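J.: Sharing input.cif (mmCIF, C-alpha atoms and all ligand atoms) below.
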```
data_my_file
#
loop_
_atom_site.label_atom_id
_atom_site.label_comp_id
_atom_site.auth_asym_id
_atom_site.auth_seq_id
_atom_site.Cartn_x
_atom_site.Cartn_y
_atom_site.Cartn_z
CA MET W 1 0.00 0.00 0.00
CA THR W 2 1.31 3.40 -0.86
CA SER W 3 -0.02 6.82 -0.03
CA ILE W 4 0.20 8.96 -3.12
CA GLY W 5 -1.65 12.16 -3.67
CA GLY W 6 -3.95 11.58 -0.74
CA PRO W 7 -5.91 8.32 -0.64
CA VAL W 8 -3.89 5.17 -0.22
CA VAL W 9 -3.59 2.89 -3.26
CA ASP W 10 -3.38 -0.84 -2.71
CA PHE W 11 -1.67 -1.74 -5.99
CA ARG W 12 -2.30 -5.43 -5.58
CA ALA W 13 -6.02 -4.96 -5.00
CA LEU W 14 -6.20 -2.49 -7.93
CA PRO W 15 -7.78 -4.44 -10.83
CA LYS W 16 -5.25 -4.39 -13.64
CA ILE W 17 -4.81 -5.49 -17.23
CA GLU W 18 -1.63 -7.12 -18.51
CA LEU W 19 -1.03 -7.07 -22.25
CA HIS W 20 2.65 -7.95 -22.64
CA ALA W 21 3.65 -11.14 -20.85
CA HIS W 22 5.59 -14.03 -22.38
CA LEU W 23 4.39 -17.36 -21.04
CA SER W 24 7.80 -19.03 -20.60
CA GLY W 25 9.28 -15.88 -19.09
CA SER W 26 6.42 -15.50 -16.62
CA ILE W 27 6.98 -18.81 -14.83
CA SER W 28 8.18 -18.26 -11.27
CA ARG W 29 11.44 -19.86 -10.23
CA GLN W 30 9.64 -21.78 -7.51
CA CYS W 31 7.33 -23.28 -10.12
CA LEU W 32 10.30 -24.22 -12.34
CA HIS W 33 11.89 -25.79 -9.27
CA ASP W 34 8.71 -27.81 -8.60
CA VAL W 35 8.75 -29.09 -12.19
CA TRP W 36 12.43 -29.94 -11.88
CA LEU W 37 11.88 -31.84 -8.60
CA LYS W 38 9.09 -33.90 -10.12
CA LYS W 39 11.18 -34.73 -13.18
CA LYS W 40 14.26 -35.45 -11.11
CA GLU W 41 12.31 -37.90 -8.95
CA VAL W 42 11.45 -40.03 -11.96
CA GLY W 43 14.82 -39.61 -13.68
CA GLU W 44 13.45 -37.43 -16.48
CA THR W 45 15.97 -34.60 -16.30
CA ASP W 46 19.71 -34.05 -16.03
CA LEU W 47 19.31 -30.30 -15.76
CA GLN W 48 20.64 -28.33 -12.85
CA ASP W 49 18.14 -27.12 -10.23
CA PRO W 50 16.52 -23.90 -11.54
CA LEU W 51 17.16 -22.25 -8.19
CA ILE W 52 20.89 -22.72 -8.85
CA GLU W 53 20.65 -21.88 -12.56
CA MET W 54 18.64 -18.71 -11.80
CA PRO W 55 19.12 -17.90 -8.11
CA LEU W 56 16.21 -16.23 -6.33
CA GLY W 57 16.79 -12.49 -6.30
CA LYS W 58 18.92 -12.42 -9.45
CA HIS W 59 17.20 -10.19 -11.98
CA ASP W 60 20.05 -8.50 -13.83
CA TYR W 61 19.88 -10.53 -17.02
CA ASP W 62 20.90 -8.47 -20.03
CA LEU W 63 20.13 -9.05 -23.70
CA ASN W 64 23.13 -11.40 -23.98
CA THR W 65 22.31 -13.60 -21.01
CA PHE W 66 18.52 -13.41 -21.23
CA PHE W 67 17.67 -15.28 -24.45
CA PRO W 68 19.82 -18.36 -23.70
CA LEU W 69 17.79 -18.85 -20.49
CA PHE W 70 15.01 -20.09 -22.75
CA SER W 71 16.88 -21.96 -25.47
CA LYS W 72 19.36 -23.61 -23.12
CA TYR W 73 17.30 -24.15 -20.00
CA ILE W 74 13.56 -23.43 -19.69
CA TYR W 75 12.67 -25.10 -23.01
CA ASN W 76 14.51 -28.24 -21.94
CA LEU W 77 12.69 -28.35 -18.63
CA VAL W 78 9.19 -27.44 -19.82
CA ASN W 79 9.16 -29.99 -22.60
CA ASP W 80 5.96 -32.02 -22.33
CA ALA W 81 2.21 -31.57 -21.92
CA TRP W 82 2.30 -32.11 -18.15
CA SER W 83 4.92 -29.44 -17.45
CA LEU W 84 3.32 -27.04 -19.95
CA THR W 85 -0.05 -27.37 -18.21
CA PHE W 86 1.49 -27.17 -14.74
CA THR W 87 3.51 -24.03 -15.52
CA THR W 88 0.65 -22.32 -17.39
CA LEU W 89 -1.69 -22.85 -14.43
CA SER W 90 0.95 -21.47 -12.08
CA VAL W 91 1.43 -18.37 -14.26
CA LEU W 92 -2.33 -17.73 -14.33
CA ARG W 93 -2.56 -18.13 -10.55
CA ASP W 94 0.29 -15.66 -10.05
CA PHE W 95 -1.32 -13.02 -12.27
CA ALA W 96 -4.72 -13.53 -10.61
CA ASP W 97 -3.17 -13.27 -7.12
CA ASP W 98 -1.57 -9.99 -8.17
CA GLY W 99 -4.97 -8.50 -9.05
CA VAL W 100 -4.78 -8.91 -12.83
CA VAL W 101 -8.32 -9.19 -14.23
CA TYR W 102 -7.49 -9.41 -17.92
CA LEU W 103 -4.39 -11.03 -19.33
CA GLU W 104 -3.11 -11.39 -22.86
CA LEU W 105 -0.48 -14.04 -22.56
CA ARG W 106 1.84 -14.50 -25.51
CA THR W 107 3.84 -17.51 -26.54
CA THR W 108 5.84 -18.89 -29.45
CA PRO W 109 4.28 -22.15 -30.65
CA ARG W 110 6.84 -24.85 -29.94
CA ALA W 111 6.74 -28.50 -30.94
CA MET W 112 7.87 -30.87 -28.20
CA PRO W 113 9.27 -33.79 -30.13
CA HIS W 114 10.42 -35.59 -27.00
CA ALA W 115 6.77 -35.77 -25.90
CA GLY W 116 5.25 -36.12 -29.37
CA LEU W 117 3.54 -32.73 -29.16
CA THR W 118 2.99 -30.69 -32.32
CA LYS W 119 2.83 -26.90 -32.36
CA ALA W 120 -0.95 -27.10 -32.65
CA GLN W 121 -1.09 -29.38 -29.62
CA TYR W 122 1.16 -26.94 -27.76
CA VAL W 123 -1.35 -24.14 -28.38
CA GLN W 124 -4.30 -26.41 -27.54
CA THR W 125 -2.66 -27.49 -24.27
CA ILE W 126 -2.29 -23.87 -23.17
CA LEU W 127 -5.88 -23.03 -24.15
CA ASP W 128 -7.03 -26.10 -22.18
CA ALA W 129 -5.08 -24.93 -19.14
CA ILE W 130 -6.72 -21.50 -19.41
CA ALA W 131 -10.17 -23.15 -19.61
CA THR W 132 -9.36 -25.36 -16.62
CA PHE W 133 -8.22 -22.36 -14.61
CA GLU W 134 -11.37 -20.40 -15.40
CA ALA W 135 -13.60 -23.40 -14.67
CA GLU W 136 -11.93 -24.12 -11.33
CA THR W 137 -12.30 -20.59 -9.99
CA PRO W 138 -15.85 -20.07 -8.64
CA THR W 139 -16.18 -16.49 -9.92
CA PRO W 140 -13.15 -16.02 -12.10
CA SER W 141 -12.02 -12.43 -12.06
CA LEU W 142 -9.12 -13.16 -14.40
CA ARG W 143 -9.91 -13.69 -18.08
CA THR W 144 -7.05 -14.76 -20.32
CA ARG W 145 -6.56 -14.61 -24.06
CA LEU W 146 -3.60 -15.81 -26.10
CA ILE W 147 -1.28 -14.06 -28.56
CA LEU W 148 0.97 -16.19 -30.75
CA SER W 149 4.51 -14.95 -31.29
CA ILE W 150 6.71 -15.13 -34.33
CA ASP W 151 10.29 -15.18 -33.09
CA ARG W 152 13.01 -13.33 -34.99
CA ARG W 153 14.88 -16.63 -35.21
CA ASN W 154 11.98 -18.21 -37.17
CA THR W 155 12.10 -18.89 -40.89
CA LEU W 156 9.41 -17.58 -43.23
CA PRO W 157 7.63 -21.00 -43.35
CA GLU W 158 7.68 -21.10 -39.54
CA ALA W 159 6.22 -17.60 -39.39
CA ARG W 160 3.48 -18.63 -41.82
CA GLU W 161 2.74 -21.59 -39.56
CA VAL W 162 2.28 -19.25 -36.59
CA LEU W 163 -0.25 -17.20 -38.56
CA ALA W 164 -2.03 -20.38 -39.65
CA LEU W 165 -2.23 -21.49 -36.00
CA ALA W 166 -3.53 -18.08 -34.96
CA ARG W 167 -6.29 -18.37 -37.56
CA GLN W 168 -7.07 -21.97 -36.55
CA PHE W 169 -7.34 -21.12 -32.86
CA GLN W 170 -8.91 -17.68 -33.20
CA PRO W 171 -12.38 -19.02 -32.32
CA HIS W 172 -10.89 -20.60 -29.20
CA GLY W 173 -9.12 -17.69 -27.55
CA VAL W 174 -6.21 -16.59 -29.73
CA VAL W 175 -6.57 -12.85 -30.27
CA GLY W 176 -3.29 -11.64 -31.70
CA LEU W 177 0.04 -12.03 -33.43
CA ASP W 178 3.37 -10.79 -32.06
CA LEU W 179 6.93 -10.35 -33.26
CA CYS W 180 9.45 -11.12 -30.52
CA GLY W 181 12.95 -12.54 -30.10
CA ASP W 182 16.51 -11.36 -29.81
CA PRO W 183 16.59 -7.80 -31.21
CA ALA W 184 20.18 -8.34 -32.33
CA ARG W 185 18.87 -10.63 -35.06
CA GLY W 186 18.24 -8.81 -38.30
CA GLY W 187 16.55 -9.96 -41.47
CA ILE W 188 13.01 -9.53 -40.20
CA GLU W 189 11.86 -8.05 -43.49
CA VAL W 190 11.18 -11.65 -44.56
CA PHE W 191 8.16 -11.63 -42.23
CA ALA W 192 6.51 -8.68 -44.01
CA PRO W 193 4.20 -10.84 -46.14
CA VAL W 194 2.96 -12.70 -43.05
CA PHE W 195 2.04 -9.57 -41.13
CA GLU W 196 0.60 -7.99 -44.27
CA GLU W 197 -1.54 -11.07 -44.84
CA ALA W 198 -2.69 -11.01 -41.22
CA ARG W 199 -3.71 -7.36 -41.48
CA ARG W 200 -5.43 -7.82 -44.82
CA ASP W 201 -7.16 -11.18 -44.38
CA VAL W 202 -7.75 -11.39 -40.62
CA PRO W 203 -8.55 -7.81 -39.61
CA ASP W 204 -9.90 -8.81 -36.20
CA LEU W 205 -6.61 -10.46 -35.22
CA GLY W 206 -4.58 -7.93 -33.23
CA ILE W 207 -0.98 -7.19 -34.15
CA THR W 208 1.69 -6.23 -31.64
CA LEU W 209 5.40 -5.90 -32.35
CA HIS W 210 8.51 -5.65 -30.19
CA PHE W 211 9.71 -2.25 -31.30
CA ALA W 212 13.04 -0.44 -30.86
CA GLU W 213 14.03 -2.63 -27.96
CA ALA W 214 17.76 -2.26 -28.62
CA ALA W 215 19.85 0.15 -30.67
CA ALA W 216 20.32 -2.60 -33.28
CA SER W 217 16.56 -2.93 -33.75
CA GLY W 218 15.95 0.80 -33.60
CA THR W 219 17.07 1.94 -37.00
CA GLU W 220 14.79 4.32 -38.84
CA GLU W 221 14.58 1.78 -41.66
CA GLU W 222 13.39 -1.08 -39.42
CA LEU W 223 10.95 1.04 -37.46
CA THR W 224 9.41 2.55 -40.57
CA MET W 225 8.95 -0.95 -41.95
CA LEU W 226 7.35 -2.18 -38.71
CA LEU W 227 4.95 0.76 -38.61
CA GLY W 228 4.09 -0.11 -42.22
CA TRP W 229 2.77 -3.46 -40.96
CA ARG W 230 0.10 -1.39 -39.18
CA PRO W 231 0.42 -2.80 -35.67
CA ASP W 232 -2.26 -2.01 -33.10
CA ARG W 233 0.33 -1.99 -30.35
CA ILE W 234 4.10 -1.85 -30.01
CA GLY W 235 6.25 -3.05 -27.11
CA HIS W 236 9.20 -1.36 -25.35
CA VAL W 237 9.59 1.63 -27.74
CA ILE W 238 13.02 2.62 -26.43
CA HIS W 239 15.33 3.70 -29.25
CA VAL W 240 13.04 5.98 -31.21
CA SER W 241 14.06 9.13 -33.04
CA GLU W 242 11.94 12.28 -33.02
CA ALA W 243 10.66 11.38 -36.49
CA VAL W 244 9.55 7.90 -35.41
CA ARG W 245 7.98 9.32 -32.26
CA ALA W 246 6.03 11.76 -34.43
CA ALA W 247 4.93 8.90 -36.71
CA ILE W 248 3.67 6.89 -33.72
CA ILE W 249 1.73 9.88 -32.42
CA ALA W 250 0.34 10.63 -35.87
CA ARG W 251 -1.02 7.10 -36.13
CA GLY W 252 -3.39 7.84 -33.24
CA ASP W 253 -4.44 5.48 -30.43
CA MET W 254 -1.42 3.24 -30.76
CA GLY W 255 -0.96 1.01 -27.71
CA LEU W 256 2.48 1.26 -26.10
CA GLU W 257 3.36 -1.71 -23.90
CA LEU W 258 5.99 -0.31 -21.54
CA CYS W 259 7.94 -2.60 -19.23
CA LEU W 260 9.92 -0.62 -16.65
CA SER W 261 11.59 -3.30 -14.54
CA CYS W 262 12.58 -5.40 -17.53
CA ASN W 263 14.21 -2.39 -19.21
CA VAL W 264 16.00 -1.23 -16.07
CA HIS W 265 17.20 -4.64 -14.83
CA ALA W 266 18.37 -5.66 -18.30
CA GLY W 267 20.24 -2.36 -18.74
CA MET W 268 18.21 -1.57 -21.87
CA ILE W 269 17.92 2.09 -20.91
CA CYS W 270 20.50 4.46 -19.44
CA GLY W 271 19.86 5.23 -15.81
CA GLY W 272 17.27 4.02 -13.36
CA PHE W 273 13.49 4.04 -13.19
CA GLU W 274 13.30 7.83 -13.10
CA SER W 275 14.89 8.03 -16.57
CA HIS W 276 12.51 5.49 -18.15
CA HIS W 277 10.70 6.77 -21.25
CA PHE W 278 7.36 6.11 -19.51
CA GLY W 279 7.83 9.70 -18.37
CA GLU W 280 7.83 10.93 -21.97
CA TRP W 281 4.77 8.99 -23.05
CA TRP W 282 2.18 8.59 -20.35
CA GLN W 283 0.60 11.98 -20.84
CA VAL W 284 0.60 11.88 -24.65
CA LYS W 285 -3.12 11.83 -25.46
CA GLU W 286 -2.71 10.32 -28.92
CA THR W 287 -1.20 7.08 -27.56
CA VAL W 288 -2.31 4.52 -24.96
CA VAL W 289 0.36 3.46 -22.49
CA VAL W 290 -0.14 0.06 -20.88
CA LEU W 291 2.23 -0.98 -18.11
CA SER W 292 3.36 -4.57 -18.56
CA THR W 293 5.73 -7.08 -16.97
CA ASP W 294 7.25 -8.80 -20.06
CA ASP W 295 8.90 -11.64 -18.09
CA VAL W 296 7.96 -11.50 -14.42
CA GLY W 297 9.64 -14.87 -13.77
CA ILE W 298 12.98 -13.43 -14.83
CA PHE W 299 12.75 -9.78 -13.76
CA GLY W 300 10.78 -10.43 -10.58
CA SER W 301 8.47 -7.42 -10.65
CA PRO W 302 4.73 -8.21 -10.66
CA LEU W 303 2.37 -5.78 -12.37
CA SER W 304 1.27 -4.31 -9.02
CA ASN W 305 4.89 -3.28 -8.47
CA GLU W 306 5.12 -1.66 -11.92
CA TYR W 307 2.24 0.61 -10.89
CA ALA W 308 3.92 1.33 -7.56
CA LEU W 309 7.09 2.25 -9.47
CA VAL W 310 5.42 4.81 -11.71
CA ALA W 311 3.69 6.33 -8.71
CA GLU W 312 7.01 6.60 -6.91
CA HIS W 313 9.21 7.80 -9.78
CA PHE W 314 6.79 9.86 -11.87
CA GLY W 315 4.44 11.16 -9.21
CA LEU W 316 1.21 9.61 -10.48
CA VAL W 317 -1.58 10.08 -7.97
CA ARG W 318 -4.52 7.75 -7.44
CA ALA W 319 -6.62 9.40 -10.15
CA ASP W 320 -3.76 9.09 -12.66
CA ILE W 321 -3.26 5.42 -11.80
CA CYS W 322 -6.95 4.58 -12.23
CA ALA W 323 -7.11 6.53 -15.49
CA LEU W 324 -3.99 4.77 -16.78
CA VAL W 325 -5.46 1.32 -16.17
CA ARG W 326 -8.85 2.25 -17.65
CA ARG W 327 -7.33 3.76 -20.79
CA GLY W 328 -5.57 0.44 -21.50
CA VAL W 329 -8.93 -1.19 -22.13
CA ASP W 330 -9.12 0.69 -25.45
CA VAL W 331 -6.27 -1.37 -26.90
CA ILE W 332 -7.02 -4.91 -25.70
CA PHE W 333 -7.51 -7.51 -28.43
CA GLY W 334 -10.29 -9.32 -26.53
CA GLY W 335 -13.29 -7.62 -28.14
CA ASP W 336 -16.12 -5.30 -27.13
CA LYS W 337 -17.83 -7.62 -24.65
CA GLU W 338 -14.62 -7.97 -22.67
CA LYS W 339 -14.06 -4.21 -22.82
CA GLN W 340 -17.51 -3.75 -21.33
CA ARG W 341 -16.83 -6.25 -18.55
CA LEU W 342 -13.57 -4.50 -17.72
CA ARG W 343 -15.10 -1.02 -17.69
CA GLY W 344 -17.52 -2.37 -15.10
CA ILE W 345 -14.86 -3.64 -12.73
CA LEU W 346 -11.88 -1.30 -13.10
CA TRP W 347 -11.63 1.43 -10.49
CA SER W 348 -12.69 4.95 -11.24
CA GLU W 349 -10.81 7.70 -9.52
P1 LIG A 1 7.56 -18.19 -24.93
O1 LIG A 1 7.31 -17.62 -26.28
O2 LIG A 1 6.31 -18.41 -24.13
O3 LIG A 1 8.38 -19.44 -25.00
O4 LIG A 1 8.37 -17.09 -24.09
C1 LIG A 1 9.76 -16.93 -24.19
C2 LIG A 1 10.18 -16.30 -25.49
O5 LIG A 1 9.72 -14.97 -25.55
C3 LIG A 1 11.71 -16.21 -25.60
O6 LIG A 1 12.21 -17.21 -26.43
C4 LIG A 1 11.99 -14.86 -26.21
O7 LIG A 1 12.39 -14.95 -27.53
C5 LIG A 1 10.68 -14.12 -26.14
N1 LIG A 1 10.85 -12.95 -25.30
C6 LIG A 1 10.68 -12.85 -23.98
N2 LIG A 1 10.94 -11.59 -23.58
C7 LIG A 1 11.31 -10.91 -24.66
C8 LIG A 1 11.69 -9.57 -24.87
O8 LIG A 1 11.76 -8.71 -23.99
N3 LIG A 1 12.01 -9.24 -26.15
C9 LIG A 1 11.94 -10.11 -27.17
N4 LIG A 1 11.56 -11.36 -27.01
C10 LIG A 1 11.25 -11.76 -25.76
ZN ZN A 2 8.49 -8.93 -24.68
#
```
Have the structure of the file written as structure tokens, please.
Ligand code: IMP
Ligand code: ZN
T.:
Amino acid sequence: MTSIGGPVVDFRALPKIELHAHLSGSISRQCLHDVWLKKKEVGETDLQDPLIEMPLGKHDYDLNTFFPLFSKYIYNLVNDAWSLTFTTLSVLRDFADDGVVYLELRTTPRAMPHAGLTKAQYVQTILDAIATFEAETPTPSLRTRLILSIDRRNTLPEAREVLALARQFQPHGVVGLDLCGDPARGGIEVFAPVFEEARRDVPDLGITLHFAEAAASGTEEELTMLLGWRPDRIGHVIHVSEAVRAAIIARGDMGLELCLSCNVHAGMICGGFESHHFGEWWQVKETVVVLSTDDVGIFGSPLSNEYALVAEHFGLVRADICALVRRGVDVIFGGDKEKQRLRGILWSE
């Protein structure tokens, strides 16, 4: 609880929406440890204990040490339907316990050959876990939708497959398409036809793109191309020139998914929280800023803490906080009915 601008705000109780959270990066270390213990017991893993691999309290992963956490560790531990279901349920519980009432979880479809799981079965397993979670909670306050990610390391056929899966599962809870992955990887122009097809042929599928996350992925050329794919939302938005900033503002109502702790802990911005570009965007009326966690399992800051941080470092008072959350509803991919539900439960100042 923090007292800002008069009335106390309980940031955990504050109903919140989370629009930028990667499934595998949102798994708590304790949950990974539980999976590891279970697998160790039955001789199914040679991996090191996750609590040794990623000690509790360590959050300073940078862009060089962050991506291998997935390819070298988490993907080898969460590698079958059981562990996928177990970790997804744990992630949903964590967001719900933190007061999140609407979650767009994103994930890169991943075949699990060891367990005979196809990419489609991977997506289905996650959707089943979401349905189980909602069915098991008497009056579920958390509603979850899925975004499928194209990773920069993907080939064009793999990217096409992600779009095909998004279309296949759209009636079952997939609401968007994302571009993610190591920003040091270039060559993303190959994905243009996929995003163009999505925009043209599936207009009700939302598009969100990791945008200007690192200097290497912040060239005017790349950013102009990405804006040309007509995304509804963009994530991070760090290395933008004045011209690109003006283009974003001119677009009108663009959602900006800003992730303070991730950017600060990973050293993606210069300085601490007080120098985060949230300060330059949150009062821009033509854009919609949505605070997000990105990878709470890695960076350790739940969404409630992201709100506490902006209150502390940028002086937002209770009315600003409530308005910030409510404004985010405009850019969810979950449709009008969900927007209506949210407008009924989010706090007014
Ligand atoms: P998954 O897609 O559910 O397996 O979540 C982990 C994946 O998300 C990783 O392989 C990363 O490529 C991607 N990811 C997580 N955080 C970031 C980020 O901040 N920028 C770009 N990609 C990310
Ligand atoms: Zn991200």
J.: In the coordinate frame of the file, compute which residues have an atom within 8 Å of (2.6, -2.5, -23.7) when using only C-alpha atoms, and state them as number ranges by chain.
T.: W: 19-20, 233-236, 255-259, 289-292
J.: Counting all atoms listed in the file, which residues in chain W sit no more than 8 Å from ligand ZN 2 (chain A)? For each one, give the nearest pair of atoms and the distance in Å, sorted by chain then residue number, as CSV.
T.:
```
residue,atom,partner,partner_atom,distance
W:His20,CA,A:ZN2,ZN,6.3
W:Ala21,CA,A:ZN2,ZN,6.6
W:His22,CA,A:ZN2,ZN,6.3
W:Cys180,CA,A:ZN2,ZN,6.3
W:Gly181,CA,A:ZN2,ZN,7.9
W:His210,CA,A:ZN2,ZN,6.4
W:Gly235,CA,A:ZN2,ZN,6.7
W:His236,CA,A:ZN2,ZN,7.6
W:Asp294,CA,A:ZN2,ZN,4.8
W:Asp295,CA,A:ZN2,ZN,7.1
```
J.: Show which residues sit within 10 Å of Ser241 (chain W), as a ChimeraX atom specification. Count all atoms listed in the file, and ignore same-chain residues fewer than 5 positions away.
T.: /W:212,218-220,223,246-247
J.: Give me, as a list in words, all polymer residues having an atom no more than 6 Å from Ser304 (chain W), counting only C-alpha atoms and skipping those fewer than 3 positions away in the same chain.
T.: Phe11, Arg12 and Tyr307 of chain W
J.: Would you name the residues within 10 Å of ligand LIG 1 (chain A), counting only C-alpha atoms and all ligand atoms, and put them as a PyMOL selection string?
T.: chain W and resi 20-27+62-63+66-71+74-75+78+88+105-110+147-153+178-184+209-211+213-214+235-236+259+262-263+266+268+293-296+298
J.: Those residues with C-alpha atoms, as a CSV table (one decimal), in the coordinates of the input please?
T.:
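Everything below was put into again17.csv:
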```csv
chain,number,residue,atom,x,y,z
W,20,HIS,CA,2.6,-8.0,-22.6
W,21,ALA,CA,3.6,-11.1,-20.8
W,22,HIS,CA,5.6,-14.0,-22.4
W,23,LEU,CA,4.4,-17.4,-21.0
W,24,SER,CA,7.8,-19.0,-20.6
W,25,GLY,CA,9.3,-15.9,-19.1
W,26,SER,CA,6.4,-15.5,-16.6
W,27,ILE,CA,7.0,-18.8,-14.8
W,62,ASP,CA,20.9,-8.5,-20.0
W,63,LEU,CA,20.1,-9.0,-23.7
W,66,PHE,CA,18.5,-13.4,-21.2
W,67,PHE,CA,17.7,-15.3,-24.4
W,68,PRO,CA,19.8,-18.4,-23.7
W,69,LEU,CA,17.8,-18.8,-20.5
W,70,PHE,CA,15.0,-20.1,-22.8
W,71,SER,CA,16.9,-22.0,-25.5
W,74,ILE,CA,13.6,-23.4,-19.7
W,75,TYR,CA,12.7,-25.1,-23.0
W,78,VAL,CA,9.2,-27.4,-19.8
W,88,THR,CA,0.6,-22.3,-17.4
W,105,LEU,CA,-0.5,-14.0,-22.6
W,106,ARG,CA,1.8,-14.5,-25.5
W,107,THR,CA,3.8,-17.5,-26.5
W,108,THR,CA,5.8,-18.9,-29.4
W,109,PRO,CA,4.3,-22.2,-30.6
W,110,ARG,CA,6.8,-24.8,-29.9
W,147,ILE,CA,-1.3,-14.1,-28.6
W,148,LEU,CA,1.0,-16.2,-30.8
W,149,SER,CA,4.5,-15.0,-31.3
W,150,ILE,CA,6.7,-15.1,-34.3
W,151,ASP,CA,10.3,-15.2,-33.1
W,152,ARG,CA,13.0,-13.3,-35.0
W,153,ARG,CA,14.9,-16.6,-35.2
W,178,ASP,CA,3.4,-10.8,-32.1
W,179,LEU,CA,6.9,-10.4,-33.3
W,180,CYS,CA,9.4,-11.1,-30.5
W,181,GLY,CA,13.0,-12.5,-30.1
W,182,ASP,CA,16.5,-11.4,-29.8
W,183,PRO,CA,16.6,-7.8,-31.2
W,184,ALA,CA,20.2,-8.3,-32.3
W,209,LEU,CA,5.4,-5.9,-32.4
W,210,HIS,CA,8.5,-5.6,-30.2
W,211,PHE,CA,9.7,-2.2,-31.3
W,213,GLU,CA,14.0,-2.6,-28.0
W,214,ALA,CA,17.8,-2.3,-28.6
W,235,GLY,CA,6.2,-3.0,-27.1
W,236,HIS,CA,9.2,-1.4,-25.4
W,259,CYS,CA,7.9,-2.6,-19.2
W,262,CYS,CA,12.6,-5.4,-17.5
W,263,ASN,CA,14.2,-2.4,-19.2
W,266,ALA,CA,18.4,-5.7,-18.3
W,268,MET,CA,18.2,-1.6,-21.9
W,293,THR,CA,5.7,-7.1,-17.0
W,294,ASP,CA,7.2,-8.8,-20.1
W,295,ASP,CA,8.9,-11.6,-18.1
W,296,VAL,CA,8.0,-11.5,-14.4
W,298,ILE,CA,13.0,-13.4,-14.8
```
J.: Calculate how many Å separate CA of Tyr102 (chain W) from CA of Thr144 (chain W), rounding to one decimal.
T.: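 Interatomic distance here is 5.9 Å.
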J.: Pick out the closest residue to Leu227 (chain W) from this set: W:Glu242, W:Glu196, W:Glu18, W:Glu134. Count all atoms listed in the file.
T.: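 Residue with the minimum atom-to-atom distance to Leu227 (chain W): W:Glu196.
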J.: At what distance in Å, to one decimal, does CA of Val174 (chain W) lie from CA of Ile207 (chain W)?
T.: 11.6 Å
J.: Could you tell me which of W:Ala120, W:Gly57, W:Glu136, W:Ala243 comes closest to Ala164 (chain W) if we count all atoms listed in the file?
T.: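 Ranked by minimum distance to Ala164 (chain W), first place goes to W:Ala120.
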J.: Which is closest to Pro157 (chain W) among W:Phe191, W:Ser275, W:Tyr122, W:Lys38, if we use only C-alpha atoms?
T.: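 Among the listed residues, the smallest separation from Pro157 (chain W) belongs to W:Phe191.
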J.: Using all atoms listed in the file, which residue out of W:Asp34, W:Glu280, W:Asp320, W:Asp336 lies closest to Glu349 (chain W)?
T.: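 Of all the options, W:Asp320 lies closest to Glu349 (chain W).
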J.: Which residues are close to Glu53 (chain W), i.e. within 10 Å by only C-alpha atoms, leaving aside same-chain residues fewer than 6 positions away? Reply as a PyMOL selection string.
T.: chain W and resi 29+47+69+73
J.: Quick one: distance from CA of Pro140 (chain W) to CA of Arg318 (chain W) in Å, one decimal?
T.: 25.7 Å
J.: Applying 9 Å and all atoms listed in the file, which residues near Phe86 (chain W) remain after dropping the ones on its own chain fewer than 3 positions away? List them as a ChimeraX atom specification.
T.: /W:31,35,81-83,89-91,129
J.: Can you work out which one of W:Ala13, W:Leu316, W:Val331, W:Val202 has the shortest atom-to-atom distance to Gly252 (chain W), counting all atoms listed in the file?
T.: W:Val331
J.: For Thr139 (chain W), work out the shell of residues within 12 Å, counting all atoms listed in the file and skipping chain neighbours fewer than 6 positions away, then give it as an MDAnalysis selection string.
T.: chainID W and resid 96 101 133
